[in-house]
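Data block for start.cif (mmCIF, C-alpha atoms and all ligand atoms):
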data_target
#
loop_
_atom_site.label_atom_id
_atom_site.label_comp_id
_atom_site.auth_asym_id
_atom_site.auth_seq_id
_atom_site.Cartn_x
_atom_site.Cartn_y
_atom_site.Cartn_z
CA MET A 25 23.58 -25.64 77.21
CA SER A 26 26.16 -27.59 79.16
CA TYR A 27 28.74 -26.37 81.65
CA GLU A 28 31.06 -27.89 84.22
CA PHE A 29 30.03 -27.29 87.84
CA ILE A 30 32.89 -27.45 90.34
CA GLU A 31 31.94 -27.50 94.03
CA TYR A 32 34.65 -26.66 96.59
CA PRO A 33 34.76 -27.54 100.29
CA ASP A 34 35.21 -23.85 101.16
CA ARG A 35 35.79 -20.41 99.66
CA GLU A 36 39.50 -20.40 100.39
CA MET A 37 40.07 -23.55 98.35
CA LEU A 38 37.96 -22.18 95.55
CA VAL A 39 39.95 -18.96 95.45
CA ILE A 40 43.32 -20.76 95.33
CA ASP A 41 42.20 -23.22 92.65
CA LEU A 42 40.41 -20.67 90.48
CA ALA A 43 43.38 -18.27 90.52
CA ASN A 44 45.62 -21.20 89.54
CA GLN A 45 43.32 -22.21 86.72
CA ILE A 46 43.13 -18.68 85.31
CA ALA A 47 46.91 -18.30 85.53
CA GLY A 48 47.28 -21.69 83.78
CA ASP A 49 44.86 -20.60 81.03
CA LEU A 50 46.82 -17.38 80.49
CA ARG A 51 50.17 -19.21 80.36
CA ALA A 52 48.80 -21.75 77.88
CA LEU A 53 47.40 -19.05 75.58
CA LEU A 54 50.59 -16.96 75.82
CA ARG A 55 52.54 -19.92 74.44
CA HIS A 56 50.79 -19.38 71.09
CA GLU A 57 49.82 -15.69 71.09
CA ASP A 58 51.80 -12.45 71.46
CA ARG A 59 49.14 -10.99 73.73
CA VAL A 60 46.14 -12.38 75.61
CA ALA A 61 43.03 -10.55 76.83
CA LEU A 62 41.61 -11.26 80.29
CA ALA A 63 38.17 -9.91 81.26
CA VAL A 64 37.12 -9.97 84.92
CA PRO A 65 34.05 -8.93 86.90
CA GLY A 66 33.66 -6.31 89.57
CA GLY A 67 31.36 -6.49 92.58
CA THR A 68 32.05 -8.21 95.87
CA SER A 69 33.04 -11.75 94.85
CA PRO A 70 36.29 -11.58 92.84
CA GLY A 71 38.55 -9.60 95.23
CA PRO A 72 40.09 -12.67 96.95
CA VAL A 73 40.75 -14.31 93.57
CA PHE A 74 42.52 -11.12 92.42
CA ASP A 75 44.63 -11.19 95.62
CA ASP A 76 46.05 -14.58 94.55
CA LEU A 77 46.08 -14.11 90.79
CA CYS A 78 48.10 -10.87 90.96
CA ALA A 79 51.11 -12.86 92.22
CA ALA A 80 50.97 -15.53 89.48
CA ASP A 81 54.24 -16.17 87.71
CA LEU A 82 53.50 -15.40 84.06
CA ASP A 83 54.40 -12.73 81.51
CA TRP A 84 51.87 -10.12 82.59
CA SER A 85 53.42 -7.55 80.24
CA ARG A 86 51.63 -9.46 77.44
CA VAL A 87 48.25 -9.53 79.17
CA ASP A 88 45.49 -6.98 78.43
CA VAL A 89 43.10 -6.74 81.37
CA MET A 90 39.59 -5.34 81.16
CA LEU A 91 36.37 -5.49 83.13
CA SER A 92 33.33 -7.47 82.01
CA ASP A 93 31.32 -4.36 82.92
CA GLU A 94 31.61 -1.06 84.69
CA ARG A 95 29.34 1.08 86.80
CA TRP A 96 29.37 4.60 85.37
CA VAL A 97 30.90 6.26 88.43
CA PRO A 98 34.29 7.98 88.86
CA GLU A 99 37.19 5.80 89.86
CA GLN A 100 37.27 7.40 93.33
CA SER A 101 33.85 5.90 94.08
CA GLU A 102 33.61 2.83 96.32
CA ARG A 103 31.36 1.37 93.60
CA SER A 104 33.94 1.67 90.82
CA ASN A 105 34.92 -1.73 89.47
CA THR A 106 38.04 -0.13 87.95
CA ARG A 107 39.08 0.92 91.43
CA LEU A 108 38.79 -2.69 92.62
CA LEU A 109 40.94 -3.82 89.69
CA ARG A 110 43.65 -1.27 90.38
CA GLU A 111 43.72 -2.02 94.10
CA ARG A 112 43.60 -5.83 94.00
CA LEU A 113 44.50 -7.22 90.57
CA LEU A 114 46.87 -4.75 88.90
CA VAL A 115 49.42 -5.02 91.71
CA GLU A 116 52.49 -7.21 92.41
CA ARG A 117 53.46 -9.13 89.24
CA ALA A 118 50.18 -8.23 87.51
CA ALA A 119 51.10 -4.52 87.69
CA GLN A 120 52.89 -5.23 84.37
CA ALA A 121 49.57 -5.91 82.63
CA ARG A 122 47.88 -3.31 80.43
CA LEU A 123 44.47 -2.04 81.55
CA LEU A 124 41.88 -1.42 78.84
CA PRO A 125 39.43 1.08 80.38
CA LEU A 126 35.66 0.71 80.41
CA TYR A 127 35.13 4.20 81.83
CA ALA A 128 35.79 7.70 80.48
CA ASP A 129 35.80 10.51 83.01
CA GLY A 130 33.63 13.52 82.16
CA GLN A 131 31.68 11.73 79.40
CA ASP A 132 28.31 10.03 79.49
CA CYS A 133 28.24 6.30 78.93
CA ASP A 134 26.01 6.48 75.85
CA THR A 135 28.54 8.50 73.87
CA ALA A 136 31.66 6.92 75.35
CA VAL A 137 30.86 3.29 74.45
CA ALA A 138 31.82 3.59 70.77
CA ALA A 139 35.39 4.77 71.46
CA LEU A 140 35.85 2.42 74.41
CA GLY A 141 34.63 -0.48 72.27
CA GLU A 142 37.15 0.40 69.54
CA THR A 143 40.04 -0.23 71.94
CA ILE A 144 38.69 -3.73 72.61
CA LYS A 145 38.02 -4.67 68.96
CA ASN A 146 41.53 -5.97 68.36
CA GLU A 147 41.36 -8.13 71.50
CA LEU A 148 38.66 -10.44 70.16
CA PRO A 149 38.12 -13.23 70.76
CA LEU A 150 38.91 -12.68 74.42
CA GLY A 151 41.35 -15.21 75.83
CA VAL A 152 40.03 -15.74 79.35
CA VAL A 153 36.83 -14.44 80.90
CA LEU A 154 35.90 -14.60 84.57
CA LEU A 155 32.29 -13.68 85.31
CA GLY A 156 30.22 -13.17 88.41
CA MET A 157 26.47 -13.55 88.82
CA GLY A 158 23.93 -11.60 90.86
CA LEU A 159 21.01 -13.14 92.71
CA ASP A 160 18.74 -11.86 89.94
CA MET A 161 20.81 -13.99 87.48
CA HIS A 162 22.45 -10.97 85.85
CA THR A 163 26.01 -11.40 84.69
CA ALA A 164 28.41 -8.59 83.80
CA SER A 165 25.80 -5.77 83.60
CA ILE A 166 23.33 -7.75 81.51
CA PHE A 167 20.33 -7.47 83.83
CA PRO A 168 16.83 -8.88 83.47
CA GLU A 169 14.47 -6.00 82.58
CA ALA A 170 17.36 -3.73 81.55
CA ASP A 171 16.58 -1.07 78.96
CA ARG A 172 18.95 -2.52 76.34
CA LEU A 173 18.74 -6.18 77.29
CA ASP A 174 17.74 -7.34 73.80
CA GLU A 175 20.66 -5.46 72.27
CA ALA A 176 23.16 -6.94 74.75
CA LEU A 177 21.88 -10.47 74.00
CA ASP A 178 21.76 -10.02 70.23
CA PRO A 179 24.35 -12.13 68.34
CA LYS A 180 25.10 -8.99 66.27
CA ALA A 181 25.48 -6.75 69.33
CA PRO A 182 28.19 -4.11 69.47
CA ILE A 183 31.17 -4.90 71.71
CA LEU A 184 30.00 -2.62 74.51
CA VAL A 185 26.42 -1.72 75.43
CA PRO A 186 25.28 1.05 77.80
CA MET A 187 22.76 -0.30 80.27
CA ARG A 188 20.23 0.95 82.79
CA ALA A 189 18.26 -1.48 84.90
CA PRO A 190 15.89 -1.47 87.87
CA GLY A 191 18.40 -3.63 89.77
CA ALA A 192 21.35 -1.29 89.12
CA PRO A 193 21.64 1.98 91.05
CA GLU A 194 23.74 3.72 88.37
CA PRO A 195 24.11 3.54 84.55
CA ARG A 196 26.46 0.80 83.40
CA VAL A 197 28.45 -0.34 80.39
CA THR A 198 28.80 -4.01 79.67
CA LEU A 199 30.53 -6.28 77.23
CA SER A 200 27.80 -7.88 75.15
CA ALA A 201 26.86 -11.53 75.58
CA GLN A 202 28.41 -12.57 72.27
CA VAL A 203 31.78 -11.02 73.23
CA LEU A 204 31.73 -12.71 76.65
CA ASN A 205 30.47 -15.99 75.28
CA GLY A 206 33.09 -16.04 72.51
CA ALA A 207 36.00 -16.18 74.97
CA LEU A 208 38.39 -19.10 74.57
CA ARG A 209 38.15 -19.98 78.30
CA LYS A 210 35.20 -19.05 80.51
CA HIS A 211 34.91 -19.21 84.29
CA VAL A 212 31.97 -18.20 86.46
CA LEU A 213 32.47 -17.48 90.17
CA ILE A 214 29.55 -18.02 92.53
CA PHE A 215 29.54 -17.89 96.33
CA GLY A 216 26.66 -18.87 98.62
CA ALA A 217 23.64 -21.15 98.77
CA ASP A 218 21.30 -18.41 97.54
CA LYS A 219 23.28 -17.90 94.32
CA ARG A 220 23.51 -21.64 93.75
CA ALA A 221 19.72 -21.81 94.04
CA ALA A 222 19.47 -18.91 91.57
CA LEU A 223 21.75 -20.73 89.11
CA ASP A 224 19.68 -23.91 89.45
CA GLY A 225 16.55 -21.83 88.95
CA ALA A 226 17.95 -20.39 85.72
CA ARG A 227 17.74 -23.80 84.08
CA GLY A 228 15.01 -23.75 81.45
CA LEU A 229 14.51 -19.97 81.61
CA SER A 230 15.09 -17.68 78.64
CA GLU A 231 18.24 -15.55 78.38
CA ARG A 232 16.01 -12.49 78.88
CA ASP A 233 14.79 -13.80 82.23
CA ALA A 234 18.14 -15.32 83.23
CA PRO A 235 20.98 -13.53 81.36
CA ILE A 236 23.54 -15.89 82.95
CA ASN A 237 22.25 -18.52 80.50
CA ALA A 238 23.77 -16.52 77.63
CA VAL A 239 27.33 -17.23 78.78
CA LEU A 240 27.22 -20.67 80.40
CA SER A 241 27.82 -22.89 77.42
CA GLY A 242 31.25 -24.52 77.81
CA ALA A 243 31.98 -22.55 80.99
CA LYS A 244 33.43 -23.79 84.26
CA VAL A 245 31.25 -22.69 87.17
CA HIS A 246 33.15 -22.50 90.47
CA TRP A 247 30.99 -22.62 93.60
CA ALA A 248 31.53 -22.67 97.36
CA ALA A 249 29.07 -22.03 100.15
O1 LIG A 301 27.33 -5.22 89.81
C1 LIG A 301 27.93 -6.23 89.54
O2 LIG A 301 27.44 -7.41 89.99
C2 LIG A 301 27.92 -8.69 89.56
C3 LIG A 301 27.79 -9.62 90.75
O3 LIG A 301 28.48 -9.04 91.83
P1 LIG A 301 28.61 -9.68 93.28
O4 LIG A 301 28.88 -8.51 94.19
O5 LIG A 301 27.29 -10.33 93.60
O6 LIG A 301 29.73 -10.65 93.22
C4 LIG A 301 29.33 -8.62 89.02
O7 LIG A 301 29.67 -9.84 88.41
C5 LIG A 301 29.46 -7.45 88.06
O8 LIG A 301 30.73 -7.42 87.46
C6 LIG A 301 29.24 -6.19 88.85
O9 LIG A 301 29.39 -5.02 88.07
#
Take the structure I supplied and represent it as structure tokens, if you would.
Ligand SMILES: O=C1O[C@H](COP(=O)(O)O)[C@@H](O)[C@H](O)[C@H]1O
Amino acid sequence: MSYEFIEYPDREMLVIDLANQIAGDLRALLRHEDRVALAVPGGTSPGPVFDDLCAADLDWSRVDVMLSDERWVPEQSERSNTRLLRERLLVERAAQARLLPLYADGQDCDTAVAALGETIKNELPLGVVLLGMGLDMHTASIFPEADRLDEALDPKAPILVPMRAPGAPEPRVTLSAQVLNGALRKHVLIFGADKRAALDGARGLSERDAPINAVLSGAKVHWAA
């Protein structure tokens, strides 16, 4: 699998350039489509990119934003990826975008995935996907040793898969690898020497051992120490 690796002198330059590239991708796709879907990660890495991207000059009213994965916790929780989105991406100009939820309050994730997946069906293929990666080489919530890892990696996987994993403190839902991998533009955001070593270490491993490998083909990987 081949991907483009872009190394930046520092995190600030990465953030500015990546936000510009995503905005450029969205503008380019909006020239030919009525609406474009953008999927983004949660966790600790993407916040600064959201802070820049939210001010991008484009027709956000035609952008459908969703998460790559969600931790099954209420939006009030510090661990809610939806909360991060609302606070740092869906503000300023990007407040015009439509949020497609990956969480349903009061339901369990195993029953909620079918209905949540239905709302995403018409968005495929996704226009732009930004992904993160954990030190254990998980991406979205596709974790090594997760209970439904094989299902999430299956080319015939459903759109959304519930997931429980030793490395995840709460149940999750995740877009499946084929949905993420099928995006028209793919970006992966990685900060730090330890994650770069993890990415290098993923080379030659199976997708089960290194789920990041399931989404790298044709992606741009953005890295800064
Ligand atoms: O739990 C998650 O982890 C990954 C990586 O997060 P980071 O904090 O190491 O940047 C993230 O991509 C994923 O969306 C999130 O749910």
At a cut-off of 9 Å, using all atoms listed in the file, what residues contact range 91-106 of chain A? Leave out same-chain residues fewer than 4 positions from it and give the result as a PDB file with C-alpha atoms, in the coordinates of the input.
ATOM      1  CA  LEU A  62      41.610 -11.260  80.290  1.00  0.00           C
ATOM      2  CA  ALA A  63      38.170  -9.910  81.260  1.00  0.00           C
ATOM      3  CA  VAL A  64      37.120  -9.970  84.920  1.00  0.00           C
ATOM      4  CA  PRO A  65      34.050  -8.930  86.900  1.00  0.00           C
ATOM      5  CA  GLY A  66      33.660  -6.310  89.570  1.00  0.00           C
ATOM      6  CA  GLY A  67      31.360  -6.490  92.580  1.00  0.00           C
ATOM      7  CA  ARG A 110      43.650  -1.270  90.380  1.00  0.00           C
ATOM      8  CA  GLU A 111      43.720  -2.020  94.100  1.00  0.00           C
ATOM      9  CA  LEU A 123      44.470  -2.040  81.550  1.00  0.00           C
ATOM     10  CA  LEU A 124      41.880  -1.420  78.840  1.00  0.00           C
ATOM     11  CA  PRO A 125      39.430   1.080  80.380  1.00  0.00           C
ATOM     12  CA  LEU A 126      35.660   0.710  80.410  1.00  0.00           C
ATOM     13  CA  TYR A 127      35.130   4.200  81.830  1.00  0.00           C
ATOM     14  CA  ALA A 128      35.790   7.700  80.480  1.00  0.00           C
ATOM     15  CA  ASP A 129      35.800  10.510  83.010  1.00  0.00           C
ATOM     16  CA  GLY A 130      33.630  13.520  82.160  1.00  0.00           C
ATOM     17  CA  ASP A 132      28.310  10.030  79.490  1.00  0.00           C
ATOM     18  CA  CYS A 133      28.240   6.300  78.930  1.00  0.00           C
ATOM     19  CA  VAL A 153      36.830 -14.440  80.900  1.00  0.00           C
ATOM     20  CA  LEU A 154      35.900 -14.600  84.570  1.00  0.00           C
ATOM     21  CA  LEU A 155      32.290 -13.680  85.310  1.00  0.00           C
ATOM     22  CA  THR A 163      26.010 -11.400  84.690  1.00  0.00           C
ATOM     23  CA  ALA A 164      28.410  -8.590  83.800  1.00  0.00           C
ATOM     24  CA  SER A 165      25.800  -5.770  83.600  1.00  0.00           C
ATOM     25  CA  ILE A 166      23.330  -7.750  81.510  1.00  0.00           C
ATOM     26  CA  LEU A 184      30.000  -2.620  74.510  1.00  0.00           C
ATOM     27  CA  ALA A 192      21.350  -1.290  89.120  1.00  0.00           C
ATOM     28  CA  PRO A 193      21.640   1.980  91.050  1.00  0.00           C
ATOM     29  CA  GLU A 194      23.740   3.720  88.370  1.00  0.00           C
ATOM     30  CA  PRO A 195      24.110   3.540  84.550  1.00  0.00           C
ATOM     31  CA  ARG A 196      26.460   0.800  83.400  1.00  0.00           C
ATOM     32  CA  VAL A 197      28.450  -0.340  80.390  1.00  0.00           C
ATOM     33  CA  THR A 198      28.800  -4.010  79.670  1.00  0.00           C
ATOM     34  CA  LEU A 199      30.530  -6.280  77.230  1.00  0.00           C
ATOM     35  CA  SER A 200      27.800  -7.880  75.150  1.00  0.00           C
ATOM     36  CA  LEU A 204      31.730 -12.710  76.650  1.00  0.00           C
TER      37      LEU A 204
END
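Here the question is which of A:Gly156, A:Gly242, A:Gly216, A:Gly228 gets nearest to Glu31 in chain A using only C-alpha atoms, and that residue is A:Gly216.
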**Study point:** Test item: residues at most 10 Å from Met25 in chain A, all atoms listed in the file, excluding those fewer than 6 positions along its chain, as a list of chain:residue names
**Key:**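 Non-adjacent residues within range: A:Arg227, A:Gly228, A:Asn237, A:Ala238, A:Val239, A:Leu240, A:Ser241, A:Gly242, A:Ala243.
With distances restricted to all atoms listed in the file, A:Pro190 is the closest residue to Asp171 in chain A from A:Pro33, A:Gly225, A:Pro190, A:Gly71.
For the set A:Ala121, A:Ala248, A:Leu140, A:Ala222, the residue with the smallest atom-to-atom gap to Ile236 in chain A is A:Ala222, counting only C-alpha atoms.
Between Ala226 in chain A and the residues A:Pro149, A:Gly206, A:Gly158, A:Pro186, the shortest atom-to-atom distance, using all atoms listed in the file, involves A:Gly158.
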